[in-house]
Structure formats: C-alpha cells, structure tokens
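Text of the file my_file.cif, holding mmCIF, C-alpha atoms and all ligand atoms:
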```cif
data_protein
loop_
_atom_site.label_atom_id
_atom_site.label_comp_id
_atom_site.auth_asym_id
_atom_site.auth_seq_id
_atom_site.Cartn_x
_atom_site.Cartn_y
_atom_site.Cartn_z
CA MET Y 1162 -6.11 9.55 -21.96
CA ILE Y 1163 -4.76 10.49 -18.54
CA LEU Y 1164 -1.09 10.59 -17.59
CA SER Y 1165 -0.62 9.73 -13.92
CA ILE Y 1166 2.47 10.11 -11.73
CA GLU Y 1167 3.36 8.41 -8.42
CA SER Y 1168 6.33 9.41 -6.23
CA SER Y 1169 5.01 9.30 -2.66
CA CYS Y 1170 7.74 6.98 -1.35
CA ASP Y 1171 10.40 4.89 -3.08
CA ASP Y 1172 8.77 3.98 -6.39
CA SER Y 1173 8.93 6.31 -9.42
CA SER Y 1174 6.04 5.42 -11.69
CA ILE Y 1175 4.11 6.88 -14.63
CA ALA Y 1176 1.07 5.40 -16.37
CA ILE Y 1177 -1.18 6.30 -19.29
CA THR Y 1178 -4.80 5.16 -19.00
CA GLU Y 1179 -7.63 5.50 -21.52
CA ILE Y 1180 -10.58 7.24 -19.90
CA VAL Y 1181 -13.60 5.48 -21.45
CA SER Y 1182 -12.23 1.93 -21.78
CA ARG Y 1183 -10.10 2.18 -18.57
CA LYS Y 1184 -7.36 0.35 -20.48
CA VAL Y 1185 -3.79 0.76 -19.28
CA LEU Y 1186 -1.78 1.77 -22.36
CA PHE Y 1187 1.56 2.40 -20.71
CA HIS Y 1188 3.09 1.70 -17.33
CA LYS Y 1189 6.63 1.90 -16.06
CA LYS Y 1190 7.89 1.81 -12.53
CA ILE Y 1191 11.46 2.22 -11.31
CA SER Y 1192 11.78 0.89 -7.78
CA GLN Y 1193 14.49 2.19 -5.47
CA GLU Y 1194 14.37 -0.79 -3.09
CA LEU Y 1195 17.97 -1.84 -3.74
CA ASP Y 1196 19.25 1.69 -3.20
CA HIS Y 1197 17.62 1.88 0.24
CA SER Y 1198 18.23 -1.73 1.23
CA LYS Y 1199 21.66 -1.12 2.73
CA TYR Y 1200 20.16 1.49 5.09
CA GLY Y 1201 17.35 -0.85 6.23
CA GLY Y 1202 14.67 1.69 5.24
CA VAL Y 1203 13.86 4.57 2.92
CA VAL Y 1204 16.24 7.56 3.11
CA PRO Y 1205 14.04 10.50 2.00
CA GLU Y 1206 16.79 12.71 0.52
CA LEU Y 1207 18.18 9.80 -1.51
CA ALA Y 1208 14.65 8.88 -2.63
CA ALA Y 1209 14.03 12.45 -3.83
CA ARG Y 1210 17.26 12.51 -5.83
CA LEU Y 1211 16.45 9.15 -7.46
CA HIS Y 1212 12.91 10.35 -8.39
CA ALA Y 1213 14.49 13.43 -10.01
CA GLU Y 1214 16.47 11.05 -12.26
CA ALA Y 1215 13.85 8.34 -12.83
CA LEU Y 1216 10.68 10.36 -13.50
CA PRO Y 1217 12.06 12.30 -16.53
CA ALA Y 1218 13.58 9.05 -17.87
CA ILE Y 1219 10.14 7.37 -17.74
CA LEU Y 1220 8.36 10.44 -19.10
CA ALA Y 1221 10.63 10.39 -22.15
CA LYS Y 1222 9.05 7.03 -23.11
CA THR Y 1223 5.50 8.47 -23.13
CA GLN Y 1224 6.04 11.00 -25.93
CA VAL Y 1225 3.73 9.31 -28.48
CA TYR Y 1226 0.81 9.65 -26.05
CA LEU Y 1227 1.32 13.30 -25.12
CA PRO Y 1228 -0.82 14.81 -27.97
CA LYS Y 1229 -3.75 12.56 -26.96
CA LEU Y 1230 -3.81 13.45 -23.26
CA LYS Y 1231 -6.91 14.99 -21.68
CA ALA Y 1232 -5.56 15.48 -18.14
CA ILE Y 1233 -2.60 15.05 -15.78
CA ALA Y 1234 -2.96 13.31 -12.39
CA VAL Y 1235 -0.47 13.07 -9.56
CA THR Y 1236 -0.26 11.66 -6.04
CA ASN Y 1237 -0.14 14.73 -3.79
CA ALA Y 1238 -0.83 13.13 -0.37
CA PRO Y 1239 0.06 11.40 1.92
CA GLY Y 1240 3.73 10.41 1.64
CA LEU Y 1241 7.24 11.74 2.09
CA ALA Y 1242 7.33 15.53 1.69
CA VAL Y 1243 10.52 15.61 -0.35
CA THR Y 1244 9.43 12.87 -2.76
CA LEU Y 1245 5.78 13.94 -3.28
CA VAL Y 1246 7.01 17.32 -4.48
CA GLU Y 1247 9.00 15.67 -7.30
CA GLY Y 1248 5.88 14.22 -8.90
CA VAL Y 1249 3.76 17.28 -8.17
CA THR Y 1250 6.31 19.60 -9.82
CA MET Y 1251 6.45 17.41 -12.92
CA ALA Y 1252 2.63 17.28 -13.08
CA LYS Y 1253 2.38 21.07 -12.83
CA ALA Y 1254 4.99 21.55 -15.56
CA LEU Y 1255 3.07 19.16 -17.85
CA SER Y 1256 -0.27 20.79 -17.07
CA ILE Y 1257 1.09 24.25 -17.88
CA SER Y 1258 3.06 23.29 -20.98
CA LEU Y 1259 0.34 21.07 -22.52
CA GLY Y 1260 -2.58 23.25 -21.35
CA LEU Y 1261 -4.29 20.31 -19.61
CA PRO Y 1262 -6.40 20.11 -16.42
CA LEU Y 1263 -4.68 18.85 -13.29
CA MET Y 1264 -5.87 16.39 -10.61
CA GLY Y 1265 -4.34 15.72 -7.20
CA ILE Y 1266 -4.94 12.12 -6.10
CA ASN Y 1267 -4.78 10.84 -2.52
CA HIS Y 1268 -2.37 7.88 -2.46
CA LEU Y 1269 -4.71 5.86 -0.20
CA HIS Y 1270 -7.64 6.40 -2.58
CA GLY Y 1271 -5.23 5.12 -5.23
CA HIS Y 1272 -4.64 1.89 -3.28
CA ILE Y 1273 -8.42 1.33 -3.05
CA TYR Y 1274 -8.70 1.90 -6.81
CA SER Y 1275 -6.05 -0.79 -7.39
CA LEU Y 1276 -9.10 -3.08 -7.08
CA PHE Y 1277 -10.68 -1.51 -10.18
CA ILE Y 1278 -7.81 -1.47 -12.69
CA GLU Y 1279 -9.34 -1.90 -16.18
CA LYS Y 1280 -12.69 -2.49 -14.40
CA ARG Y 1281 -15.77 -0.57 -13.35
CA SER Y 1282 -15.56 0.79 -9.78
CA PHE Y 1283 -18.17 -0.41 -7.31
CA PHE Y 1284 -19.17 0.56 -3.79
CA PRO Y 1285 -19.92 0.08 -0.92
CA MET Y 1286 -17.12 -2.13 0.30
CA THR Y 1287 -15.14 -2.60 3.51
CA VAL Y 1288 -11.41 -2.34 2.83
CA LEU Y 1289 -8.38 -3.38 4.87
CA LEU Y 1290 -5.48 -1.16 3.79
CA VAL Y 1291 -2.12 -2.64 4.83
CA SER Y 1292 0.92 -0.73 3.58
CA GLY Y 1293 4.22 0.61 4.87
CA GLY Y 1294 2.58 3.77 6.17
CA HIS Y 1295 -0.94 2.63 7.04
CA THR Y 1296 -3.05 -0.08 8.67
CA GLN Y 1297 -6.68 0.95 8.42
CA VAL Y 1298 -10.12 -0.54 7.97
CA ILE Y 1299 -12.13 1.74 5.72
CA GLU Y 1300 -15.81 1.92 4.84
CA ALA Y 1301 -15.57 2.80 1.14
CA LYS Y 1302 -18.93 4.27 0.16
CA GLY Y 1303 -18.13 5.99 -3.13
CA PHE Y 1304 -15.68 8.26 -4.93
CA LYS Y 1305 -13.91 10.32 -2.21
CA ASP Y 1306 -16.44 9.00 0.31
CA PHE Y 1307 -14.28 7.01 2.70
CA GLU Y 1308 -14.54 6.56 6.46
CA VAL Y 1309 -11.82 5.04 8.63
CA ILE Y 1310 -13.42 2.71 11.19
CA ALA Y 1311 -10.23 1.25 12.71
CA GLN Y 1312 -6.52 2.04 12.49
CA THR Y 1313 -3.16 1.41 14.07
CA MET Y 1314 -2.16 3.32 17.18
CA ASP Y 1315 1.57 3.09 16.33
CA ASP Y 1316 3.48 1.10 13.66
CA SER Y 1317 1.78 -0.22 10.53
CA PHE Y 1318 1.53 -3.90 9.54
CA GLY Y 1319 4.03 -3.51 6.64
CA GLU Y 1320 6.37 -1.38 8.72
CA SER Y 1321 6.55 -4.11 11.39
CA PHE Y 1322 7.74 -6.58 8.71
CA ASP Y 1323 10.37 -4.02 7.64
CA LYS Y 1324 11.56 -3.64 11.24
CA VAL Y 1325 11.71 -7.40 11.93
CA SER Y 1326 13.69 -7.86 8.72
CA LYS Y 1327 16.08 -5.08 9.76
CA MET Y 1328 16.55 -6.65 13.23
CA LEU Y 1329 17.41 -9.96 11.54
CA GLY Y 1330 19.78 -8.19 9.12
CA LEU Y 1331 17.74 -9.37 6.12
CA GLY Y 1332 17.32 -6.10 4.19
CA TYR Y 1333 14.53 -3.83 2.90
CA PRO Y 1334 11.64 -4.03 2.07
CA GLY Y 1335 11.09 -6.56 4.82
CA GLY Y 1336 7.63 -7.81 3.82
CA PRO Y 1337 8.52 -10.15 0.95
CA ILE Y 1338 11.77 -11.26 2.69
CA VAL Y 1339 10.07 -12.13 6.00
CA GLU Y 1340 7.25 -13.90 4.13
CA GLN Y 1341 9.78 -15.99 2.22
CA TYR Y 1342 11.79 -16.90 5.32
CA ALA Y 1343 8.56 -17.77 7.14
CA GLN Y 1344 7.82 -20.46 4.54
CA ASN Y 1345 10.70 -22.54 5.95
CA GLY Y 1346 10.02 -21.73 9.59
CA ASP Y 1347 8.11 -23.22 12.51
CA GLU Y 1348 5.34 -20.71 13.26
CA LYS Y 1349 4.71 -22.23 16.69
CA ARG Y 1350 8.31 -22.08 17.97
CA PHE Y 1351 7.97 -18.62 19.53
CA ASN Y 1352 4.84 -17.78 21.44
CA PHE Y 1353 4.56 -14.03 20.88
CA THR Y 1354 1.48 -12.45 22.46
CA VAL Y 1355 -1.23 -11.24 20.09
CA PRO Y 1356 -1.40 -7.43 20.49
CA LEU Y 1357 -4.51 -6.01 22.23
CA GLY Y 1358 -5.70 -9.62 22.63
CA ASN Y 1359 -7.61 -8.86 25.84
CA SER Y 1360 -8.70 -5.38 24.84
CA PRO Y 1361 -12.21 -4.70 23.50
CA LYS Y 1362 -10.70 -1.84 21.45
CA ILE Y 1363 -11.13 -2.12 17.70
CA ALA Y 1364 -7.68 -0.79 16.81
CA PHE Y 1365 -4.27 -2.16 15.87
CA SER Y 1366 -0.84 -1.95 17.48
CA TYR Y 1367 2.45 -3.37 16.24
CA SER Y 1368 5.14 -1.68 18.34
CA GLY Y 1369 4.73 -4.13 21.27
CA LEU Y 1370 5.02 -7.16 18.96
CA LYS Y 1371 8.14 -5.63 17.40
CA ASN Y 1372 9.67 -5.35 20.90
CA GLN Y 1373 8.77 -8.96 21.71
CA VAL Y 1374 10.59 -10.02 18.54
CA ARG Y 1375 13.60 -7.84 19.42
CA LEU Y 1376 13.88 -9.39 22.89
CA GLN Y 1377 13.59 -12.90 21.42
CA ILE Y 1378 16.35 -12.18 18.89
CA GLU Y 1379 18.57 -10.84 21.70
CA ALA Y 1380 17.85 -13.93 23.83
CA LEU Y 1381 18.84 -16.23 20.96
CA GLY Y 1382 22.22 -14.52 20.55
CA ASP Y 1383 23.92 -16.04 17.48
CA LEU Y 1384 21.11 -16.84 15.07
CA ASN Y 1385 21.30 -19.52 12.39
CA GLU Y 1386 19.10 -19.65 9.28
CA GLN Y 1387 16.53 -21.91 10.98
CA ASP Y 1388 16.25 -19.49 13.93
CA ARG Y 1389 15.63 -16.63 11.49
CA ALA Y 1390 12.98 -18.62 9.63
CA ASP Y 1391 11.27 -19.56 12.91
CA VAL Y 1392 11.27 -15.93 14.13
CA CYS Y 1393 9.77 -14.82 10.78
CA ALA Y 1394 7.10 -17.53 10.79
CA SER Y 1395 6.11 -16.96 14.42
CA PHE Y 1396 6.02 -13.18 13.92
CA GLN Y 1397 3.96 -13.45 10.70
CA ARG Y 1398 1.47 -15.77 12.43
CA VAL Y 1399 0.92 -13.37 15.34
CA ALA Y 1400 0.95 -10.18 13.20
CA SER Y 1401 -1.78 -11.73 11.00
CA ALA Y 1402 -3.71 -13.20 13.96
CA HIS Y 1403 -3.95 -9.66 15.39
CA LEU Y 1404 -5.55 -8.37 12.18
CA ILE Y 1405 -7.93 -11.34 12.00
CA GLN Y 1406 -8.96 -11.05 15.67
CA LYS Y 1407 -9.97 -7.39 15.26
CA LEU Y 1408 -11.57 -7.98 11.85
CA LYS Y 1409 -13.76 -10.69 13.42
CA LYS Y 1410 -15.09 -8.04 15.82
CA ILE Y 1411 -15.77 -5.70 12.91
CA PHE Y 1412 -17.63 -8.44 11.00
CA LYS Y 1413 -19.85 -8.82 14.09
CA THR Y 1414 -20.76 -5.12 14.21
CA VAL Y 1415 -21.00 -4.20 10.51
CA ILE Y 1416 -22.84 -6.03 7.75
CA ILE Y 1417 -20.17 -6.73 5.14
CA LYS Y 1418 -21.03 -8.22 1.76
CA ASP Y 1419 -17.91 -7.10 -0.07
CA PHE Y 1420 -14.50 -7.06 1.60
CA ALA Y 1421 -11.11 -6.16 0.11
CA ILE Y 1422 -7.44 -6.01 1.09
CA VAL Y 1423 -5.21 -3.42 -0.59
CA GLY Y 1424 -1.73 -1.92 -0.12
CA GLY Y 1425 1.79 -3.31 -0.45
CA ALA Y 1426 1.35 -5.86 2.35
CA SER Y 1427 -1.84 -7.25 0.77
CA ALA Y 1428 0.57 -9.22 -1.43
CA ASN Y 1429 1.30 -11.42 1.61
CA LEU Y 1430 -0.11 -14.85 0.68
CA TYR Y 1431 -0.31 -16.05 4.30
CA LEU Y 1432 -2.48 -13.04 5.18
CA ARG Y 1433 -4.54 -13.49 2.00
CA ASP Y 1434 -5.32 -17.09 3.01
CA LYS Y 1435 -6.38 -16.11 6.53
CA ILE Y 1436 -8.63 -13.35 5.21
CA LYS Y 1437 -10.10 -15.67 2.58
CA GLU Y 1438 -11.14 -18.03 5.43
CA LEU Y 1439 -12.61 -15.14 7.40
CA CYS Y 1440 -14.67 -13.98 4.42
CA ILE Y 1441 -15.96 -17.50 3.75
CA GLN Y 1442 -16.99 -17.86 7.42
CA ASN Y 1443 -18.90 -14.58 7.20
CA GLY Y 1444 -20.43 -15.03 3.74
CA ALA Y 1445 -18.56 -12.05 2.30
CA THR Y 1446 -16.98 -11.82 -1.16
CA LEU Y 1447 -13.23 -11.08 -1.06
CA HIS Y 1448 -11.78 -8.66 -3.62
CA LEU Y 1449 -8.05 -8.47 -4.28
CA ALA Y 1450 -5.90 -6.32 -6.54
CA PRO Y 1451 -3.56 -8.07 -9.00
CA LEU Y 1452 -0.29 -8.82 -7.16
CA GLU Y 1453 1.72 -6.46 -9.39
CA PHE Y 1454 -0.51 -3.50 -8.39
CA CYS Y 1455 -0.50 -4.09 -4.59
CA SER Y 1456 2.65 -2.04 -4.04
CA ASP Y 1457 2.91 1.61 -5.09
CA ASN Y 1458 2.31 2.32 -8.76
CA ALA Y 1459 0.92 5.00 -11.08
CA VAL Y 1460 -1.70 2.68 -12.63
CA MET Y 1461 -3.88 2.77 -9.49
CA ILE Y 1462 -3.46 6.56 -9.41
CA GLY Y 1463 -4.55 6.71 -13.06
CA ARG Y 1464 -7.57 4.49 -12.36
CA CYS Y 1465 -8.64 6.74 -9.48
CA ALA Y 1466 -8.04 9.73 -11.76
CA ILE Y 1467 -10.61 8.40 -14.27
CA ASP Y 1468 -13.32 8.72 -11.60
CA ALA Y 1469 -11.90 12.14 -10.60
CA TYR Y 1470 -12.03 13.20 -14.26
CA ASN Y 1471 -15.63 12.05 -14.59
CA HIS Y 1472 -16.46 14.09 -11.46
CA GLN Y 1473 -14.60 17.07 -12.98
CA ASP Y 1474 -12.50 17.08 -9.81
CA PHE Y 1475 -9.77 19.38 -11.11
CA ILE Y 1476 -7.43 21.68 -9.23
CA SER Y 1477 -5.44 24.71 -10.40
CA VAL Y 1478 -1.65 24.72 -10.56
CA ASP Y 1479 -1.57 27.33 -7.77
CA GLU Y 1480 -3.83 25.34 -5.49
CA LEU Y 1481 -2.20 21.93 -5.86
CA VAL Y 1482 0.22 21.36 -3.00
CA SER Y 1483 1.66 18.17 -1.56
CA THR Y 1484 0.33 17.47 1.92
CA PRO Y 1485 2.45 14.65 3.43
CA LYS Y 1486 0.34 13.92 6.52
CA THR Y 1487 -3.15 13.92 5.00
CA SER Y 1488 -5.40 10.99 5.86
CA ILE Y 1489 -7.76 9.18 3.51
O1 LIG Y 1501 1.82 0.20 -0.44
P1 LIG Y 1501 3.29 0.15 -0.37
O2 LIG Y 1501 4.06 -0.24 -1.60
O3 LIG Y 1501 3.88 1.52 0.11
C1 LIG Y 1501 3.22 2.34 1.04
O4 LIG Y 1501 2.27 3.04 0.64
O5 LIG Y 1501 3.67 2.29 2.22
O6 LIG Y 1501 3.65 -0.85 0.84
C2 LIG Y 1501 4.97 -1.14 1.16
C3 LIG Y 1501 4.97 -1.97 2.42
C4 LIG Y 1501 6.34 -2.22 3.00
O7 LIG Y 1501 6.32 -2.02 4.40
C5 LIG Y 1501 6.58 -3.69 2.66
O8 LIG Y 1501 7.45 -4.37 3.56
C6 LIG Y 1501 5.18 -4.24 2.76
O9 LIG Y 1501 4.37 -3.26 2.16
N1 LIG Y 1501 5.05 -5.51 2.03
C7 LIG Y 1501 4.74 -6.68 2.63
C8 LIG Y 1501 4.79 -7.67 1.61
N2 LIG Y 1501 5.11 -7.07 0.43
C9 LIG Y 1501 5.27 -5.75 0.72
N3 LIG Y 1501 4.44 -6.96 3.91
C10 LIG Y 1501 4.18 -8.25 4.21
N4 LIG Y 1501 4.23 -9.26 3.30
C11 LIG Y 1501 4.53 -9.02 2.00
N5 LIG Y 1501 4.57 -10.00 1.11
ZN ZN Y 1502 1.31 2.85 -0.93
#
```
Spit out the file's structure as structure tokens when you get a sec.
Ligand code: KG4
Ligand code: ZN
Amino acid sequence: MILSIESSCDDSSIAITEIVSRKVLFHKKISQELDHSKYGGVVPELAARLHAEALPAILAKTQVYLPKLKAIAVTNAPGLAVTLVEGVTMAKALSISLGLPLMGINHLHGHIYSLFIEKRSFFPMTVLLVSGGHTQVIEAKGFKDFEVIAQTMDDSFGESFDKVSKMLGLGYPGGPIVEQYAQNGDEKRFNFTVPLGNSPKIAFSYSGLKNQVRLQIEALGDLNEQDRADVCASFQRVASAHLIQKLKKIFKTVIIKDFAIVGGASANLYLRDKIKELCIQNGATLHLAPLEFCSDNAVMIGRCAIDAYNHQDFISVDELVSTPKTSI
C-alpha cells in the first residue's frame, strides 16, 4: 500500500491505495473553501496553518494501515510554497520514522492520473488540464512523458471563474457558483468577445475577458439576481467557446484518438457537453475523471504514485524539496 498526501493549495487530503489492485482503501479530504471564501481567494498563510491542523487529524485515522505501507508519496510541485511544504514535511517524517521509500509527485501528473483511479493507465492521450492554476493542452505519452502543446498566456480558465465570482460578490471558489448561476441566465444577453478569436495563435488568454466582464458589471451599476445570472451565463459561454475554438485548431493539426479533460474546472458540465460534441465531431473518445476526483485530492496522487513505484522512481529525504513553480 502507498500513503499519499496532497497539500498544494487549499485541500488537505490523504489516501491509501493498494499497489497491485489499485484499490482506494482510504481517502479523506478537508477542504478550506469556506475559510477562504470571505477573502474571495486563497490566503496562503491561512491555508498553511489549516493544513498544519488538518493533515495530522487525517493521518490519525490511517493508523491501521501504517504497518502495511510500502511507500510514502507527496505532491511536491507545483503549488503554493507555504502549503506544499506542509505535506512534504509530513511525508519526510513518515518516510524516516517508518523506514519507507519516498516519492515526490507532480500535482499536474496527479490530475492526469485522476483518469486512472482504480484502473490501468493508458497512453497516448491528448489532455486538456483546466484548474485554478493551469490551462494547458498536453500530449500525454507515458509515465512522466508529457509535452505541453498549448497554454494560457495569463489567467487560467478556473481562475477567471473565481475572479468573475469575486466581482459579482458571490464567493470562492467561483467555478461551481458561476456555473450554478449560469443555469438560470441568458447566455446571449452580453456579447463578450471570444479571446484571440482572430489570432492564429494556439494559446489561451482570460485576462481580457475578465476585464470585459468587469466593465459590463460597472455599466450595469446595481445588479439584481437576473443580471448576475446573465453575466455568469454569457461569461461561461464565451470562456468555453474560447477553449473550443482553439481545440478545434489542435484537432486539425494533431491526430487525436483519445481526448481527456482533467482538473478542478473539468467538473463544469457546460464545458463537458461542449467538449463531448467536439470529440464526437472528430471521432475521438472522451475520457473524464469521476466528478469527486476532478478537484484536488490525494487519491490521484496515490494513483500516480503506483506508476512511480513500479518505475522505482524514489527520492531521498535530503533531495525531496517543494518546487512551487515547476511545470508538468
Ligand atoms: O484542480 P483544482 O481543484 O485546483 C488547482 O489545482 O488549481 O481546481 C480549482 C479550480 C478553481 O479555480 C475553481 O473555481 C475551478 O477549479 N472550478 C470550476 C468548477 N469547479 C471548480 N470552474 C468552472 N466550473 C466548475 N464547475
Ligand atoms: Zn489541482
């Protein structure tokens, strides 16, 4: 069994996964969303303090598994510096005290492995990663063999939902809130421009769209609930149309048989529907992670760690450091 730890942002999570069967034997996640909600975004120092409380409380529930562990895995990059170190320190302490090998797992690799929870991993696949920190299209060729073929030049897809929600005074995390509001809104009411619509560039940009939304909110002045719903629906339509427009270009240049969406924002059902259509049009099979494992969790880290374990991809306590800005 492998014990895996995730603390790269605002979720404290620990999982225990059986290596051969890939079965998840234990999983607990304590989310800090409510604690950060009043600030409209994650406050790193507060997040670190809450991890320091939550991780030991979760670990205490894993005691029966500890004698059966074969390795310890932890997210060590990318993420918030002050929160990554909480998980990494706990992983090192466990590795030393239990005499077990240690594995450092890239959080983005973890999101890709959310597709393979309790399943065999398979490659190659083209993956759209949409989270709070990243918007990337990745050619996933094998374990640790990932190539970014397109990415955002500024804000990420999830982050833009967070910012729109904040501008509307609706709280954090913005993704699920904006999606819910959008269900009651008129997506055609506001004609925001699709970012990079006339550019041949295969890249993403969300800061301009965010500004369009800000100006629209200012122009409306006193907003009622219907205005908010209409802003959310119009924004969600254009934010998704931007992804689809660039993905269409990618489908024209790369032969894609298997396509996947991962990351917290891949839980967005509107986006899922649009991407489903795109895959059908292009004869590709769409792979999705279970909704509960789209946002940050230690189960996807544990699943990635099984492949790392089978590759004997271990690291010493001295060498394992958290590297907040690492890419995939
Ligand atoms: O993967 P994740 O849990 O954390 C990072 O690695 O960043 O993703 C969190 C992000 C947040 O920006 C959140 O607003 C967004 O995913 N998100 C969504 C939805 N659910 C979460 N964005 C759009 N629609 C959703 N339903
Ligand atoms: Zn994440």
Near range 1442-1461 of chain Y, 6 Å: range 1256-1319 of chain Y residue rows, closest pairs, all atoms listed in the file, as CSV:
```
residue,atom,partner,partner_atom,distance
Y:Gly1271,CA,Y:Met1461,CA,5.0
Y:Tyr1274,CA,Y:Met1461,CA,5.6
Y:Ser1275,CA,Y:Met1461,CA,4.7
Y:Leu1276,CA,Y:Ala1450,CA,4.6
```
Hey, which residues sit close to ligand ZN 1502 (chain Y)? Say within 12 Å, counting only C-alpha atoms and all ligand atoms, and write them as a PyMOL selection string.
chain Y and resi 1167-1173+1236+1238-1241+1267-1275+1290-1296+1317+1319-1320+1423-1427+1454-1459+1461-1462+1489
Rounded to one decimal place, report the CA of Ala1301 in chain Y-atom O5 of ligand LIG 1501 (chain Y) distance in Å.
19.3 Å
Residues at most 6 Å from Gly1332 in chain Y, counting only C-alpha atoms, excluding those fewer than 2 positions away in the same chain, as a compact mmCIF listing (two decimals) with C-alpha atoms, keeping the file's coordinate frame?
```
# COMPACT_ATOMS: atom_id res chain seq x y z
CA SER Y 1198 18.23 -1.73 1.23
CA GLY Y 1201 17.35 -0.85 6.23
CA LYS Y 1327 16.08 -5.08 9.76
CA GLY Y 1330 19.78 -8.19 9.12
```
Distance of CA of Ser1401 in chain Y from CA of Ser1366 in chain Y, expressed in Å to one decimal place
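So the two atoms, CA of Ser1366 in chain Y and CA of Ser1401 in chain Y, lie 11.8 Å apart.
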Identify which of the residues Y:Val1482, Y:Leu1430, Y:Val1325, Y:Leu1186 lies closest to ligand LIG 1501 (chain Y), counting only C-alpha atoms and all ligand atoms when measuring atom-to-atom distances.
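Looking at the shortest contact to ligand LIG 1501 (chain Y), the residue is Y:Leu1430.
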Atomic distance CA of Ala1208 in chain Y - CA of Phe1365 in chain Y, expressed in Å with one decimal:
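We find that CA of Ala1208 in chain Y and CA of Phe1365 in chain Y lie 28.7 Å from each other.
The shortest atom-to-atom distance to ligand LIG 1501 (chain Y), with all atoms listed in the file taken into account, belongs to Y:Ala1343 out of Y:Ala1242, Y:Ala1343, Y:Ala1469, Y:Val1374.
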With a distance cut-off of 10 Å and only C-alpha atoms, select the neighbouring residues of Ile1405 in chain Y, excluding the residue or stretch itself and same-chain residues fewer than 4 positions from it, and output the selection as a list in words.
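Neighbouring residues, sequence-local ones excluded: Val1399, Ala1400, Ser1401, Lys1409, Lys1410, Ile1411, Leu1432, Lys1435, Ile1436, Glu1438 and Leu1439 of chain Y.
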Looking at Y:Asn1372, Y:Gln1387, Y:Asn1237, Y:Ser1321, which one is nearest to ligand LIG 1501 (chain Y), with distances taken over only C-alpha atoms and all ligand atoms?
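With only C-alpha atoms and all ligand atoms as the atom set, the closest residue is Y:Ser1321.
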Counting all atoms listed in the file, the option among Y:Pro1334, Y:Met1328, Y:Ala1221, Y:Ile1476 closest to Gln1193 in chain Y
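Nearest candidate to Gln1193 in chain Y out of Y:Pro1334, Y:Met1328, Y:Ala1221, Y:Ile1476: Y:Pro1334.
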Near Lys1253 in chain Y, counting only C-alpha atoms, which residues have an atom at most 9 Å away, once you skip same-chain residues fewer than 6 positions from it, shown as a list in words?
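These residues fall inside the cut-off: Ile1233, Leu1263, Ser1477, Val1478, Asp1479 and Leu1481 of chain Y.
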Residue neighbourhood Ala1466 in chain Y, 7 Å, only C-alpha atoms, exclusion window fewer than 4 positions, as an NGL selection string:
:Y and (1234 or 1266 or 1462 or 1470)
Around ligand LIG 1501 (chain Y), with edges along x, y and z and 3 Å added on all six sides, what centre and edge lengths do you get, in Å to one decimal, as AutoDock Vina command-line options?
```
--center_x 4.6 --center_y -3.5 --center_z 1.4 --size_x 11.6 --size_y 19.0 --size_z 12.0
```
Determine the nearest neighbour of Leu1408 in chain Y from the options Y:Asn1359, Y:Thr1287, Y:Asn1385, Y:Ser1282, counting all atoms listed in the file.
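Of Y:Asn1359, Y:Thr1287, Y:Asn1385, Y:Ser1282, the one nearest Leu1408 in chain Y, counting all atoms listed in the file, is Y:Thr1287.
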Which residues are close to Gly1202 in chain Y, i.e. within 8 Å by only C-alpha atoms, leaving aside same-chain residues fewer than 2 positions away? Reply as number ranges by chain.
Y: 1197-1200, 1204, 1323, 1333-1334
Give me range 1206-1217 of chain Y with N, CA, C and O atoms filled in, as a tab-separated table (two decimals), in the coordinates of the input.
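That gives us selection-v4.tsv:
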```tsv
chain	number	residue	atom	x	y	z
Y	1206	GLU	N	16.00	11.86	1.43
Y	1206	GLU	CA	16.79	12.71	0.52
Y	1206	GLU	C	17.30	11.91	-0.69
Y	1206	GLU	O	17.29	12.39	-1.82
Y	1207	LEU	N	17.71	10.67	-0.43
Y	1207	LEU	CA	18.18	9.80	-1.51
Y	1207	LEU	C	17.00	9.48	-2.44
Y	1207	LEU	O	17.13	9.51	-3.67
Y	1208	ALA	N	15.84	9.20	-1.84
Y	1208	ALA	CA	14.65	8.88	-2.63
Y	1208	ALA	C	14.31	10.05	-3.56
Y	1208	ALA	O	14.03	9.85	-4.75
Y	1209	ALA	N	14.36	11.27	-3.03
Y	1209	ALA	CA	14.03	12.45	-3.83
Y	1209	ALA	C	14.98	12.58	-5.02
Y	1209	ALA	O	14.57	12.84	-6.15
Y	1210	ARG	N	16.27	12.38	-4.75
Y	1210	ARG	CA	17.26	12.51	-5.83
Y	1210	ARG	C	17.03	11.45	-6.91
Y	1210	ARG	O	17.11	11.73	-8.11
Y	1211	LEU	N	16.68	10.23	-6.48
Y	1211	LEU	CA	16.45	9.15	-7.46
Y	1211	LEU	C	15.17	9.40	-8.27
Y	1211	LEU	O	15.11	9.10	-9.45
Y	1212	HIS	N	14.12	9.99	-7.63
Y	1212	HIS	CA	12.91	10.35	-8.39
Y	1212	HIS	C	13.26	11.39	-9.46
Y	1212	HIS	O	12.75	11.34	-10.58
Y	1213	ALA	N	14.11	12.35	-9.07
Y	1213	ALA	CA	14.49	13.43	-10.01
Y	1213	ALA	C	15.19	12.86	-11.24
Y	1213	ALA	O	15.13	13.45	-12.32
Y	1214	GLU	N	15.84	11.71	-11.10
Y	1214	GLU	CA	16.47	11.05	-12.26
Y	1214	GLU	C	15.46	10.16	-12.99
Y	1214	GLU	O	15.38	10.16	-14.21
Y	1215	ALA	N	14.69	9.38	-12.22
Y	1215	ALA	CA	13.85	8.34	-12.83
Y	1215	ALA	C	12.61	8.90	-13.54
Y	1215	ALA	O	12.25	8.43	-14.62
Y	1216	LEU	N	11.94	9.89	-12.91
Y	1216	LEU	CA	10.68	10.36	-13.50
Y	1216	LEU	C	10.87	10.93	-14.91
Y	1216	LEU	O	10.13	10.54	-15.83
Y	1217	PRO	N	11.87	11.82	-15.15
Y	1217	PRO	CA	12.06	12.30	-16.53
Y	1217	PRO	C	12.42	11.17	-17.49
Y	1217	PRO	O	12.01	11.17	-18.65
```
